[in-house]
file data28.cif (mmCIF, C-alpha atoms)
data_final
loop_
_atom_site.group_PDB
_atom_site.id
_atom_site.type_symbol
_atom_site.label_atom_id
_atom_site.label_comp_id
_atom_site.auth_asym_id
_atom_site.auth_seq_id
_atom_site.Cartn_x
_atom_site.Cartn_y
_atom_site.Cartn_z
ATOM 1 C CA MET Z 12 -0.617 -7.275 50.275
ATOM 2 C CA SER Z 13 -0.421 -4.384 52.739
ATOM 3 C CA VAL Z 14 -2.749 -3.940 55.701
ATOM 4 C CA LYS Z 15 -4.042 -0.748 54.087
ATOM 5 C CA THR Z 16 -4.991 -2.646 50.938
ATOM 6 C CA VAL Z 17 -6.759 -5.373 52.929
ATOM 7 C CA LEU Z 18 -8.729 -2.840 54.927
ATOM 8 C CA GLN Z 19 -9.662 -0.982 51.751
ATOM 9 C CA GLU Z 20 -10.942 -4.180 50.122
ATOM 10 C CA ILE Z 21 -12.964 -5.024 53.243
ATOM 11 C CA LYS Z 22 -14.430 -1.510 53.147
ATOM 12 C CA HIS Z 23 -15.360 -1.984 49.483
ATOM 13 C CA TYR Z 24 -17.008 -5.304 50.274
ATOM 14 C CA VAL Z 25 -19.064 -3.798 53.097
ATOM 15 C CA ILE Z 26 -20.251 -1.118 50.680
ATOM 16 C CA HIS Z 27 -21.469 -3.861 48.339
ATOM 17 C CA LEU Z 28 -23.480 -5.431 51.168
ATOM 18 C CA ARG Z 29 -25.668 -2.304 50.859
ATOM 19 C CA ILE Z 30 -26.872 -2.512 54.441
ATOM 20 C CA MET Z 31 -29.067 0.603 54.333
ATOM 21 C CA TYR Z 32 -30.625 -0.673 51.117
ATOM 22 C CA GLN Z 33 -31.610 -3.908 52.871
ATOM 23 C CA LEU Z 34 -32.916 -2.220 56.012
ATOM 24 C CA VAL Z 35 -34.946 0.503 54.323
ATOM 25 C CA LEU Z 36 -35.928 -0.628 50.830
ATOM 26 C CA LEU Z 37 -36.298 -4.381 51.322
ATOM 27 C CA SER Z 38 -37.579 -4.693 54.895
ATOM 28 C CA GLY Z 39 -41.183 -3.513 54.528
ATOM 29 C CA GLY Z 40 -42.641 -6.880 53.556
ATOM 30 C CA TYR Z 41 -41.065 -8.752 56.474
ATOM 31 C CA LEU Z 42 -42.166 -6.123 58.989
ATOM 32 C CA LEU Z 43 -45.680 -5.866 57.552
ATOM 33 C CA ALA Z 44 -46.194 -9.577 58.212
ATOM 34 C CA GLY Z 45 -46.057 -8.894 61.946
ATOM 35 C CA LEU Z 46 -49.332 -6.992 61.674
ATOM 36 C CA LEU Z 47 -51.186 -10.167 60.678
ATOM 37 C CA VAL Z 48 -50.166 -12.038 63.826
ATOM 38 C CA GLN Z 49 -52.213 -11.693 67.013
ATOM 39 C CA GLU Z 50 -49.450 -12.289 69.572
ATOM 40 C CA ILE Z 51 -46.029 -11.598 68.159
ATOM 41 C CA ASP Z 52 -42.850 -13.360 69.287
ATOM 42 C CA LEU Z 53 -40.881 -10.113 69.280
ATOM 43 C CA LYS Z 54 -37.469 -11.606 70.074
ATOM 44 C CA LEU Z 55 -37.665 -14.203 67.298
ATOM 45 C CA PHE Z 56 -39.178 -11.650 64.906
ATOM 46 C CA VAL Z 57 -36.342 -9.151 65.420
ATOM 47 C CA THR Z 58 -33.655 -11.860 65.394
ATOM 48 C CA TYR Z 59 -34.671 -13.153 61.978
ATOM 49 C CA PHE Z 60 -35.260 -9.689 60.635
ATOM 50 C CA LEU Z 61 -31.527 -9.125 61.137
ATOM 51 C CA TRP Z 62 -30.423 -12.558 59.913
ATOM 52 C CA TRP Z 63 -32.690 -12.431 56.857
ATOM 53 C CA HIS Z 64 -31.766 -8.918 55.751
ATOM 54 C CA LEU Z 65 -28.156 -8.524 56.895
ATOM 55 C CA GLY Z 66 -27.224 -12.146 56.198
ATOM 56 C CA LEU Z 67 -29.151 -13.601 53.275
ATOM 57 C CA TYR Z 68 -30.107 -10.380 51.466
ATOM 58 C CA SER Z 69 -26.780 -8.583 51.973
ATOM 59 C CA GLY Z 70 -24.822 -11.635 50.882
ATOM 60 C CA ALA Z 71 -27.009 -12.079 47.805
ATOM 61 C CA THR Z 72 -26.589 -8.409 46.884
ATOM 62 C CA ALA Z 73 -22.797 -8.608 47.144
ATOM 63 C CA TYR Z 74 -22.836 -11.896 45.209
ATOM 64 C CA ASN Z 75 -24.749 -10.170 42.430
ATOM 65 C CA SER Z 76 -22.279 -7.278 42.448
ATOM 66 C CA TYR Z 77 -19.401 -9.731 42.091
ATOM 67 C CA TRP Z 78 -20.779 -11.136 38.831
ATOM 68 C CA ASP Z 79 -22.110 -7.839 37.463
ATOM 69 C CA LYS Z 80 -18.896 -5.864 38.000
ATOM 70 C CA ASP Z 81 -20.787 -2.615 37.429
ATOM 71 C CA GLU Z 82 -18.886 0.617 37.111
ATOM 72 C CA GLY Z 83 -21.903 2.929 36.848
ATOM 73 C CA PRO Z 84 -24.754 3.616 39.312
ATOM 74 C CA ILE Z 85 -26.602 0.617 40.788
ATOM 75 C CA GLY Z 86 -29.296 0.360 43.428
ATOM 76 C CA GLY Z 87 -27.904 1.903 46.600
ATOM 77 C CA ILE Z 88 -24.402 2.686 45.248
ATOM 78 C CA HIS Z 89 -23.630 5.594 42.965
ATOM 79 C CA LYS Z 90 -20.020 4.552 42.228
ATOM 80 C CA PRO Z 91 -19.522 0.811 42.901
ATOM 81 C CA PRO Z 92 -16.001 -0.009 44.100
ATOM 82 C CA PRO Z 93 -14.205 -2.920 42.392
ATOM 83 C CA MET Z 94 -14.891 -6.486 43.534
ATOM 84 C CA LYS Z 95 -12.091 -8.974 44.253
ATOM 85 C CA PRO Z 96 -12.178 -12.796 43.797
ATOM 86 C CA TRP Z 97 -12.375 -13.495 47.560
ATOM 87 C CA MET Z 98 -15.616 -11.537 47.743
ATOM 88 C CA CYS Z 99 -17.529 -14.280 45.919
ATOM 89 C CA GLY Z 100 -16.756 -16.802 48.677
ATOM 90 C CA ALA Z 101 -17.428 -14.187 51.348
ATOM 91 C CA SER Z 102 -20.843 -13.568 49.839
ATOM 92 C CA TRP Z 103 -21.718 -17.254 50.124
ATOM 93 C CA LEU Z 104 -20.711 -17.161 53.797
ATOM 94 C CA TRP Z 105 -22.997 -14.186 54.334
ATOM 95 C CA MET Z 106 -25.879 -15.911 52.542
ATOM 96 C CA ILE Z 107 -25.635 -19.101 54.590
ATOM 97 C CA SER Z 108 -24.930 -17.306 57.897
ATOM 98 C CA PRO Z 109 -28.571 -17.631 59.113
ATOM 99 C CA LEU Z 110 -28.537 -21.431 58.801
ATOM 100 C CA PRO Z 111 -26.863 -22.417 62.096
ATOM 101 C CA VAL Z 112 -29.242 -20.234 64.102
ATOM 102 C CA MET Z 113 -32.207 -21.535 62.122
ATOM 103 C CA PHE Z 114 -31.256 -25.146 62.896
ATOM 104 C CA ILE Z 115 -30.999 -24.348 66.607
ATOM 105 C CA ASP Z 116 -34.391 -22.638 66.664
ATOM 106 C CA TYR Z 117 -35.971 -25.393 64.582
ATOM 107 C CA ASN Z 118 -34.698 -28.084 66.962
ATOM 108 C CA SER Z 119 -36.080 -26.116 69.903
ATOM 109 C CA GLY Z 120 -39.469 -25.847 68.226
ATOM 110 C CA SER Z 121 -39.271 -22.072 67.729
ATOM 111 C CA LEU Z 122 -39.254 -22.246 63.923
ATOM 112 C CA PRO Z 123 -41.341 -24.488 61.647
ATOM 113 C CA LEU Z 124 -39.889 -26.550 58.800
ATOM 114 C CA ALA Z 125 -41.479 -24.144 56.303
ATOM 115 C CA THR Z 126 -38.820 -21.537 57.117
ATOM 116 C CA PHE Z 127 -36.146 -23.800 55.603
ATOM 117 C CA ILE Z 128 -38.235 -24.172 52.456
ATOM 118 C CA LEU Z 129 -38.494 -20.385 52.175
ATOM 119 C CA TYR Z 130 -34.779 -19.962 52.872
ATOM 120 C CA GLY Z 131 -33.714 -22.674 50.430
ATOM 121 C CA THR Z 132 -35.963 -21.302 47.690
ATOM 122 C CA SER Z 133 -34.611 -17.777 48.099
ATOM 123 C CA LEU Z 134 -31.013 -18.991 48.233
ATOM 124 C CA PHE Z 135 -31.430 -20.927 44.990
ATOM 125 C CA LEU Z 136 -33.170 -18.021 43.274
ATOM 126 C CA PHE Z 137 -30.468 -15.560 44.334
ATOM 127 C CA TRP Z 138 -27.830 -17.896 42.893
ATOM 128 C CA ALA Z 139 -29.805 -18.464 39.674
ATOM 129 C CA TYR Z 140 -30.376 -14.708 39.336
ATOM 130 C CA SER Z 141 -26.694 -13.752 39.389
ATOM 131 C CA SER Z 142 -24.573 -16.768 38.483
ATOM 132 C CA PRO Z 143 -23.327 -16.983 34.874
ATOM 133 C CA ILE Z 144 -24.450 -20.633 34.882
ATOM 134 C CA LEU Z 145 -28.142 -19.663 34.676
ATOM 135 C CA ARG Z 146 -28.052 -15.834 34.832
ATOM 136 C CA TRP Z 147 -31.824 -15.389 35.161
ATOM 137 C CA LYS Z 148 -31.154 -11.701 35.715
ATOM 138 C CA GLY Z 149 -30.527 -11.493 31.983
ATOM 139 C CA HIS Z 150 -34.112 -12.486 31.165
ATOM 140 C CA SER Z 151 -36.582 -9.629 31.519
ATOM 141 C CA TYR Z 152 -39.641 -11.326 33.042
ATOM 142 C CA LEU Z 153 -37.816 -14.230 34.671
ATOM 143 C CA SER Z 154 -35.710 -11.733 36.636
ATOM 144 C CA VAL Z 155 -38.866 -10.048 37.910
ATOM 145 C CA PHE Z 156 -40.233 -13.413 39.007
ATOM 146 C CA VAL Z 157 -37.031 -14.124 40.961
ATOM 147 C CA ILE Z 158 -37.214 -10.829 42.867
ATOM 148 C CA ALA Z 159 -40.950 -11.209 43.511
ATOM 149 C CA ILE Z 160 -40.476 -14.634 45.112
ATOM 150 C CA SER Z 161 -37.028 -14.467 46.730
ATOM 151 C CA THR Z 162 -37.438 -11.018 48.265
ATOM 152 C CA GLY Z 163 -41.183 -10.347 48.098
ATOM 153 C CA THR Z 164 -43.357 -13.313 49.047
ATOM 154 C CA ASN Z 165 -40.612 -15.217 50.886
ATOM 155 C CA GLY Z 166 -39.563 -12.173 52.899
ATOM 156 C CA PHE Z 167 -43.157 -11.597 53.999
ATOM 157 C CA LEU Z 168 -43.820 -15.255 54.818
ATOM 158 C CA MET Z 169 -40.555 -15.555 56.746
ATOM 159 C CA GLY Z 170 -41.574 -12.557 58.816
ATOM 160 C CA TYR Z 171 -45.001 -14.065 59.386
ATOM 161 C CA LEU Z 172 -43.561 -17.358 60.624
ATOM 162 C CA ALA Z 173 -40.856 -15.703 62.750
ATOM 163 C CA ALA Z 174 -43.549 -13.557 64.359
ATOM 164 C CA GLY Z 175 -45.391 -16.708 65.425
ATOM 165 C CA GLY Z 176 -47.874 -16.989 62.563
ATOM 166 C CA ASP Z 177 -49.267 -20.240 61.203
ATOM 167 C CA LEU Z 178 -49.504 -20.761 57.450
ATOM 168 C CA GLY Z 179 -52.006 -23.592 57.872
ATOM 169 C CA ALA Z 180 -55.759 -23.426 58.229
ATOM 170 C CA THR Z 181 -55.411 -23.262 62.015
ATOM 171 C CA ASN Z 182 -54.014 -19.746 62.241
ATOM 172 C CA PHE Z 183 -55.387 -17.401 64.886
ATOM 173 C CA LEU Z 184 -58.104 -15.892 62.696
ATOM 174 C CA ALA Z 185 -59.532 -19.100 61.293
ATOM 175 C CA SER Z 186 -62.142 -19.536 64.022
ATOM 176 C CA THR Z 187 -63.598 -16.050 63.617
ATOM 177 C CA ILE Z 188 -62.934 -14.918 60.042
ATOM 178 C CA PRO Z 189 -63.946 -17.048 57.045
ATOM 179 C CA MET Z 190 -61.037 -17.942 54.742
ATOM 180 C CA ALA Z 191 -58.642 -16.260 57.189
ATOM 181 C CA SER Z 192 -55.904 -18.715 56.279
ATOM 182 C CA VAL Z 193 -55.550 -17.069 52.866
ATOM 183 C CA PHE Z 194 -54.612 -13.653 54.302
ATOM 184 C CA PRO Z 195 -50.880 -14.363 54.675
ATOM 185 C CA TYR Z 196 -50.763 -15.363 51.012
ATOM 186 C CA ILE Z 197 -52.793 -12.326 49.947
ATOM 187 C CA GLY Z 198 -50.435 -10.104 51.925
ATOM 188 C CA ALA Z 199 -47.353 -11.850 50.524
ATOM 189 C CA SER Z 200 -48.600 -11.437 46.947
ATOM 190 C CA GLY Z 201 -49.358 -7.767 47.516
ATOM 191 C CA VAL Z 202 -45.947 -7.121 49.056
ATOM 192 C CA ALA Z 203 -44.236 -8.826 46.114
ATOM 193 C CA LEU Z 204 -46.067 -6.629 43.608
ATOM 194 C CA ILE Z 205 -45.297 -3.431 45.528
ATOM 195 C CA LEU Z 206 -41.639 -4.436 45.714
ATOM 196 C CA ILE Z 207 -41.236 -5.224 42.026
ATOM 197 C CA SER Z 208 -43.157 -2.097 41.007
ATOM 198 C CA LEU Z 209 -39.964 -0.105 41.636
ATOM 199 C CA TYR Z 210 -37.615 -2.850 40.463
ATOM 200 C CA PRO Z 211 -36.985 -1.781 36.823
ATOM 201 C CA ILE Z 212 -36.553 1.924 37.573
ATOM 202 C CA SER Z 213 -32.894 1.563 38.572
ATOM 203 C CA GLN Z 214 -32.312 -0.494 35.415
ATOM 204 C CA LEU Z 215 -32.930 2.622 33.339
ATOM 205 C CA PHE Z 216 -29.475 3.824 34.383
ATOM 206 C CA GLN Z 217 -27.692 0.526 33.737
ATOM 207 C CA MET Z 218 -28.695 -0.174 30.129
ATOM 208 C CA ASP Z 219 -25.244 0.310 28.631
ATOM 209 C CA GLU Z 220 -23.606 -2.067 31.099
ATOM 210 C CA ASP Z 221 -26.484 -4.555 30.819
ATOM 211 C CA GLN Z 222 -26.054 -4.597 27.044
ATOM 212 C CA ARG Z 223 -22.339 -5.184 27.481
ATOM 213 C CA ARG Z 224 -23.157 -8.274 29.569
ATOM 214 C CA ASN Z 225 -25.857 -9.366 27.098
ATOM 215 C CA ASP Z 226 -28.498 -9.042 29.812
ATOM 216 C CA ARG Z 227 -32.002 -8.341 28.543
ATOM 217 C CA THR Z 228 -33.498 -6.514 31.511
ATOM 218 C CA LEU Z 229 -37.124 -5.526 31.874
ATOM 219 C CA ALA Z 230 -36.302 -1.833 31.403
ATOM 220 C CA MET Z 231 -34.537 -2.642 28.123
ATOM 221 C CA HIS Z 232 -37.462 -4.778 27.011
ATOM 222 C CA ILE Z 233 -40.337 -2.358 27.726
ATOM 223 C CA GLY Z 234 -38.573 1.026 27.626
ATOM 224 C CA LEU Z 235 -39.207 4.121 29.736
ATOM 225 C CA SER Z 236 -42.908 4.404 28.930
ATOM 226 C CA GLY Z 237 -43.339 0.720 29.658
ATOM 227 C CA VAL Z 238 -41.605 1.104 33.031
ATOM 228 C CA GLN Z 239 -44.012 3.911 33.873
ATOM 229 C CA ARG Z 240 -47.113 1.828 33.035
ATOM 230 C CA TYR Z 241 -45.618 -1.228 34.716
ATOM 231 C CA TYR Z 242 -45.161 0.721 37.961
ATOM 232 C CA LEU Z 243 -48.763 1.946 37.913
ATOM 233 C CA TRP Z 244 -50.387 -1.466 37.510
ATOM 234 C CA THR Z 245 -48.130 -3.517 39.766
ATOM 235 C CA TYR Z 246 -48.313 -0.907 42.518
ATOM 236 C CA VAL Z 247 -52.097 -0.514 42.356
ATOM 237 C CA VAL Z 248 -52.754 -4.262 42.420
ATOM 238 C CA GLY Z 249 -50.152 -4.816 45.151
ATOM 239 C CA VAL Z 250 -51.526 -2.084 47.408
ATOM 240 C CA THR Z 251 -55.056 -3.379 46.877
ATOM 241 C CA LEU Z 252 -54.105 -6.896 47.980
ATOM 242 C CA VAL Z 253 -52.275 -5.688 51.087
ATOM 243 C CA ALA Z 254 -55.171 -3.355 51.933
ATOM 244 C CA VAL Z 255 -57.677 -6.216 51.638
ATOM 245 C CA ALA Z 256 -55.844 -8.206 54.303
ATOM 246 C CA LEU Z 257 -55.263 -5.228 56.599
ATOM 247 C CA ILE Z 258 -58.800 -3.837 56.330
ATOM 248 C CA TYR Z 259 -60.373 -7.219 57.034
ATOM 249 C CA ILE Z 260 -58.207 -7.698 60.108
ATOM 250 C CA HIS Z 261 -57.658 -4.172 61.430
ATOM 251 C CA GLY Z 262 -60.470 -2.161 59.874
ATOM 252 C CA ILE Z 263 -59.781 1.567 59.959
ATOM 253 C CA PHE Z 264 -56.008 1.102 60.172
ATOM 254 C CA GLY Z 265 -56.071 -0.914 56.989
ATOM 255 C CA ALA Z 266 -58.107 1.837 55.356
ATOM 256 C CA LEU Z 267 -55.510 4.398 56.460
ATOM 257 C CA PHE Z 268 -52.856 2.284 54.774
ATOM 258 C CA LEU Z 269 -54.868 2.335 51.551
ATOM 259 C CA VAL Z 270 -55.260 6.125 51.654
ATOM 260 C CA GLY Z 271 -51.600 6.736 52.462
ATOM 261 C CA ALA Z 272 -50.404 4.279 49.811
ATOM 262 C CA ALA Z 273 -52.710 5.861 47.232
ATOM 263 C CA VAL Z 274 -51.311 9.344 47.943
ATOM 264 C CA GLY Z 275 -47.714 8.141 47.943
ATOM 265 C CA GLY Z 276 -48.197 6.071 44.793
ATOM 266 C CA THR Z 277 -49.821 8.984 42.963
ATOM 267 C CA LEU Z 278 -46.932 11.319 43.816
ATOM 268 C CA THR Z 279 -44.372 8.708 42.777
ATOM 269 C CA TYR Z 280 -46.159 8.039 39.492
ATOM 270 C CA ARG Z 281 -46.407 11.735 38.653
ATOM 271 C CA TRP Z 282 -42.687 12.084 39.310
ATOM 272 C CA LEU Z 283 -41.944 8.960 37.273
ATOM 273 C CA LEU Z 284 -43.671 10.550 34.270
ATOM 274 C CA THR Z 285 -41.091 13.362 34.344
ATOM 275 C CA ILE Z 286 -37.890 11.299 34.204
ATOM 276 C CA LYS Z 287 -35.957 10.528 31.024
ATOM 277 C CA GLY Z 288 -33.646 7.773 32.301
ATOM 278 C CA GLU Z 289 -30.581 10.016 32.227
ATOM 279 C CA PRO Z 290 -27.617 9.341 34.583
ATOM 280 C CA SER Z 291 -28.056 12.754 36.223
ATOM 281 C CA GLU Z 292 -31.437 11.568 37.559
ATOM 282 C CA TYR Z 293 -29.982 8.636 39.503
ATOM 283 C CA SER Z 294 -29.688 10.438 42.847
ATOM 284 C CA LYS Z 295 -33.256 11.658 42.615
ATOM 285 C CA VAL Z 296 -34.488 8.157 41.771
ATOM 286 C CA MET Z 297 -32.803 6.695 44.842
ATOM 287 C CA LEU Z 298 -34.153 9.519 47.005
ATOM 288 C CA ILE Z 299 -37.695 8.781 45.846
ATOM 289 C CA LYS Z 300 -37.190 5.072 46.542
ATOM 290 C CA TYR Z 301 -35.906 5.727 50.040
ATOM 291 C CA MET Z 302 -38.649 8.235 50.827
ATOM 292 C CA ALA Z 303 -41.377 5.874 49.644
ATOM 293 C CA SER Z 304 -39.919 2.976 51.619
ATOM 294 C CA ALA Z 305 -39.366 5.114 54.735
ATOM 295 C CA SER Z 306 -43.010 6.233 54.639
ATOM 296 C CA PHE Z 307 -44.143 2.618 54.336
ATOM 297 C CA LEU Z 308 -41.914 1.599 57.258
ATOM 298 C CA SER Z 309 -43.191 4.467 59.417
ATOM 299 C CA TYR Z 310 -46.767 3.280 58.938
ATOM 300 C CA ILE Z 311 -45.842 -0.319 59.772
ATOM 301 C CA LEU Z 312 -43.918 0.620 62.912
ATOM 302 C CA LEU Z 313 -46.635 2.939 64.220
ATOM 303 C CA MET Z 314 -49.374 0.405 63.547
ATOM 304 C CA GLY Z 315 -47.235 -2.365 65.016
ATOM 305 C CA MET Z 316 -46.870 -0.396 68.239
ATOM 306 C CA TYR Z 317 -50.620 0.060 68.433
ATOM 307 C CA VAL Z 318 -51.459 -3.586 67.644
ATOM 308 C CA HIS Z 319 -48.806 -5.304 69.769
ATOM 309 C CA ILE Z 320 -47.746 -2.839 72.459
ATOM 310 C CA LEU Z 321 -50.480 -0.318 73.293
#
call {"tool": "encode", "arguments": {"input": "data28.cif", "output": "structure tokens"}}
result
Amino acid sequence: MSVKTVLQEIKHYVIHLRIMYQLVLLSGGYLLAGLLVQEIDLKLFVTYFLWWHLGLYSGATAYNSYWDKDEGPIGGIHKPPPMKPWMCGASWLWMISPLPVMFIDYNSGSLPLATFILYGTSLFLFWAYSSPILRWKGHSYLSVFVIAISTGTNGFLMGYLAAGGDLGATNFLASTIPMASVFPYIGASGVALILISLYPISQLFQMDEDQRRNDRTLAMHIGLSGVQRYYLWTYVVGVTLVAVALIYIHGIFGALFLVGAAVGGTLTYRWLLTIKGEPSEYSKVMLIKYMASASFLSYILLMGMYVHIL
């Protein structure tokens, strides 16, 4: 094999890691968790943001690409390059890459044991989602459950713990706010629902290839009109849960989140009513996803600066 061929395969693999997809579309839940912590451990928070998204998530995304072998548009890649056998093993290395650092930080007392439970759960779910042994991706509602937990609730809770939060009844709000210990779980549930609200939209453009693999995706199961209704209800409930936690803790800033999310969700839903699921709409779908996620991230970063820096 020539050097040119090796470099080309490495380039193709990096494309399948979908780094921008991880950093923009899947990072909101982790970052939002930092807003629920009074005094953030910024170094640990940023460190595990990178390990969680560029290690675990990127590896899991490439691992899924290896088994899917898509040729048409997928989330974050319009024309997926071919996958080679070595890329399966490489994906496992990427997925387990956070572990050594996690063990070091756990032994030093920086990370609680719960982070390994979150990591192990997500790792198993990512494997079960893609592997032909279980292939939970091929089951419409089971696949949604996997994404909600592995990327939604677990991403949020990992961010909360890395920021210095406590998932027990002794967290920093417990002495002043009744039932404050439930807020991380309320926030995690809301984040999961917001995340999966957009999940089946990309599936509208993969139906032919999903049928070829005998996968029964949510989009195939409920159709275009079902995807539109699904987005409305999951998004509304998810935003409401996140807003409850933010308003109770931060007052007016939580209310601003609710207003902004309501405006953004309304615009997205109105646009979603106009699509037909045709391949020519793929680029516009991804643009809407990135714009919605970028707006969400902008709010989180601005509010994070106010809460933890100003």
call {"tool": "atom_distance", "arguments": {"input": "data28.cif", "atom1": "CA of Tyr32 (chain Z)", "atom2": "CA of Tyr301 (chain Z)"}}
result
8.4 Å
call {"tool": "closest_atom_pairs", "arguments": {"input": "data28.cif", "of": "region 179-250 of chain Z", "to": "region 132-154 of chain Z", "cutoff": "12 Å", "atoms": "all atoms listed in the file", "output": "CSV"}}
result
residue,atom,partner,partner_atom,distance
Z:Ile207,CA,Z:Ser154,CA,10.1
Z:Tyr210,CA,Z:Ser154,CA,9.9
Z:Pro211,CA,Z:Ser151,CA,9.5
Z:Gln214,CA,Z:Ser151,CA,10.8
Z:Met218,CA,Z:Gly149,CA,11.6
Z:Glu220,CA,Z:Gly149,CA,11.7
Z:Asp221,CA,Z:Gly149,CA,8.1
Z:Gln222,CA,Z:Gly149,CA,9.6
Z:Arg223,CA,Z:Gly149,CA,11.3
Z:Arg224,CA,Z:Gly149,CA,8.4
Z:Asn225,CA,Z:Gly149,CA,7.1
Z:Asp226,CA,Z:Gly149,CA,3.9
Z:Arg227,CA,Z:Gly149,CA,4.9
Z:Thr228,CA,Z:Ser151,CA,4.4
Z:Leu229,CA,Z:Ser151,CA,4.2
Z:Ala230,CA,Z:Ser151,CA,7.8
Z:Met231,CA,Z:Ser151,CA,8.0
Z:His232,CA,Z:Ser151,CA,6.7
Z:Ile233,CA,Z:Ser151,CA,9.0
Z:Gly234,CA,Z:Ser151,CA,11.5
Z:Val238,CA,Z:Ser151,CA,11.9
Z:Tyr241,CA,Z:Tyr152,CA,11.9
call {"tool": "closest_atom_pairs", "arguments": {"input": "data28.cif", "of": "region 100-211 of chain Z", "to": "region 22-26 of chain Z", "cutoff": "12 Å", "atoms": "only C-alpha atoms", "output": "CSV"}}
result
residue,atom,partner,partner_atom,distance
Z:Gly100,CA,Z:Tyr24,CA,11.6
Z:Ala101,CA,Z:Tyr24,CA,9.0
Z:Ser102,CA,Z:Tyr24,CA,9.1
Z:Trp105,CA,Z:Val25,CA,11.2
call {"tool": "residues_around", "arguments": {"input": "data28.cif", "residues": "Gly170 (chain Z)", "least_positions_apart": "3", "cutoff": "6 Å", "atoms": "all atoms listed in the file", "output": "number ranges by chain"}}
result
Z: 41, 44, 167, 173-174
call {"tool": "closest_residue", "arguments": {"input": "data28.cif", "among": "Z:Ile258, Z:Ala203, Z:Val48, Z:Leu284", "to": "Thr245 (chain Z)", "atoms": "all atoms listed in the file"}}
result
Z:Ala203
call {"tool": "decode", "arguments": {"input": "data28.cif", "residues": "region 105-116 of chain Z", "atoms": "N, CA, C and O atoms", "output": "compact mmCIF listing (two decimals), in the first residue's frame"}}
result
# COMPACT_ATOMS: atom_id res chain seq x y z
N TRP Z 105 -10.52 5.09 19.79
CA TRP Z 105 -11.04 6.44 20.05
C TRP Z 105 -12.06 6.42 21.18
O TRP Z 105 -12.06 7.29 22.04
N MET Z 106 -12.93 5.42 21.19
CA MET Z 106 -13.98 5.37 22.22
C MET Z 106 -13.42 5.16 23.62
O MET Z 106 -13.97 5.69 24.60
N ILE Z 107 -12.34 4.38 23.73
CA ILE Z 107 -11.80 4.11 25.06
C ILE Z 107 -10.69 5.09 25.44
O ILE Z 107 -10.13 5.01 26.54
N SER Z 108 -10.36 6.02 24.55
CA SER Z 108 -9.26 6.96 24.81
C SER Z 108 -9.44 7.79 26.08
O SER Z 108 -8.44 8.16 26.72
N PRO Z 109 -10.68 8.12 26.53
CA PRO Z 109 -10.79 8.90 27.77
C PRO Z 109 -10.46 8.10 29.03
O PRO Z 109 -10.19 8.71 30.09
N LEU Z 110 -10.47 6.77 28.95
CA LEU Z 110 -10.35 5.96 30.17
C LEU Z 110 -9.07 6.19 30.97
O LEU Z 110 -9.14 6.35 32.20
N PRO Z 111 -7.89 6.19 30.36
CA PRO Z 111 -6.68 6.40 31.18
C PRO Z 111 -6.71 7.71 31.97
O PRO Z 111 -6.33 7.73 33.15
N VAL Z 112 -7.16 8.78 31.32
CA VAL Z 112 -7.23 10.07 32.01
C VAL Z 112 -8.28 10.04 33.11
O VAL Z 112 -8.09 10.60 34.19
N MET Z 113 -9.39 9.35 32.86
CA MET Z 113 -10.43 9.24 33.87
C MET Z 113 -9.93 8.50 35.11
O MET Z 113 -10.23 8.89 36.25
N PHE Z 114 -9.16 7.43 34.90
CA PHE Z 114 -8.62 6.68 36.04
C PHE Z 114 -7.67 7.55 36.86
O PHE Z 114 -7.69 7.51 38.09
N ILE Z 115 -6.84 8.33 36.18
CA ILE Z 115 -5.92 9.22 36.90
C ILE Z 115 -6.69 10.23 37.73
O ILE Z 115 -6.37 10.46 38.91
N ASP Z 116 -7.69 10.85 37.14
CA ASP Z 116 -8.46 11.87 37.85
C ASP Z 116 -9.33 11.26 38.95
O ASP Z 116 -9.56 11.90 39.99
